[in-house]
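Visitor: Could you have a look at this structure, given as structure tokens, before my questions?
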Amino acid sequence: MEKHFKEERTLVVIKPDGVQRSLVGEIIKRFEQVGLKLSAVKMMVPEPSFIEKHYTLDPNWMRLTGEKTIKGYLDKGLEPPSNDPIAISQKILDNLKKYVTSGPVIAMVWEGAHSVKIVRKLVGGTEPLTSDVGTIRGDYVLDSYQMGDVDGRSVRNLIHASGTIEEAEMEIKHWFLENELVDYRLIQEQILYDVNLDGILE
Ligand code: IDP
Ligand code: MG
């Protein structure tokens, strides 16, 4: 049977800077408020090899991330550090392994209609300098690619969120065991998804 829209799941990881900035509650609040359901959550300090695997689950990630970074520079009229997307991504990956293993992270699975796109919308673009006002990255942090590069580190943007449904499925399997995902019904789902809004009036 086809899955219902409301069963779409996405992975969110609050990175070490998000935990250190005491933004866990604020971040969770935004996903709760939009109507998504928390299906799994845990805190851990990840190993570098675990983070490398996480970012290379999608074989295209190296190329796409490098291309996105090069475009970011060109859009600002700046010279990228290299024109080879793979070389750029290798450096990004090395820095990410240091960044995301530097302290505890909170990994979560959020479930609900269009959860992948809804979460990305709330999280905002990768670079806090250019991510929209009103998004988590736009509202709570001020880092830039340029600043990260000068100091030879990852851009600090508080949070990871799956980019596509396929990425989400691979990432959830990487971070959680099947029996760590909890299936339950939130009472508000009746208001969000049921065809008729009956059962409200006495
Ligand atoms: P996303 O987190 O918005 O999906 P990706 O392109 O998948 O962005 O990159 C993963 C993470 O790598 C980013 O969240 C960011 O922390 C870091 N990163 C990506 N591109 C750059 C860069 O050009 N310089 C520094 N760090 C980067
Ligand atoms: Mg990504």
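Residues are referred to by chain and number: the chain letter is A, B, ... according to the order shown in the structure tokens, the number counts from 1 in that chain, and ligands are numbered separately from 1 in the order shown.
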Would you pick out the contacts of range 157-174 of chain A at 10 Å or less, using only C-alpha atoms, so that residues sharing its chain but fewer than 6 positions from it are not included, and give the list as a PyMOL selection string?

Guide: chain A and resi 8-21+23-24+27+40+50-51+53-55+57-58+61+100+105-109+114-117+119-120+122-129+131+136-138+140-144+181

Visitor: Using only C-alpha atoms, which protein or nucleic acid residues come within 12 Å of Arg153 in chain A? Drop anything in the same chain fewer than 2 positions from it, and give the result as a ChimeraX atom specification.

Guide: /A:91-100,143-151,155-157

Visitor: Give the alpha helix (DSSP H) residues of range 6-188 of chain A, as assigned by DSSP on the backbone, as a PyMOL selection string.

Guide: chain A and resi 16-20+24-34+48-55+61-75+85-100+115-123+136-140+145-150+165-175
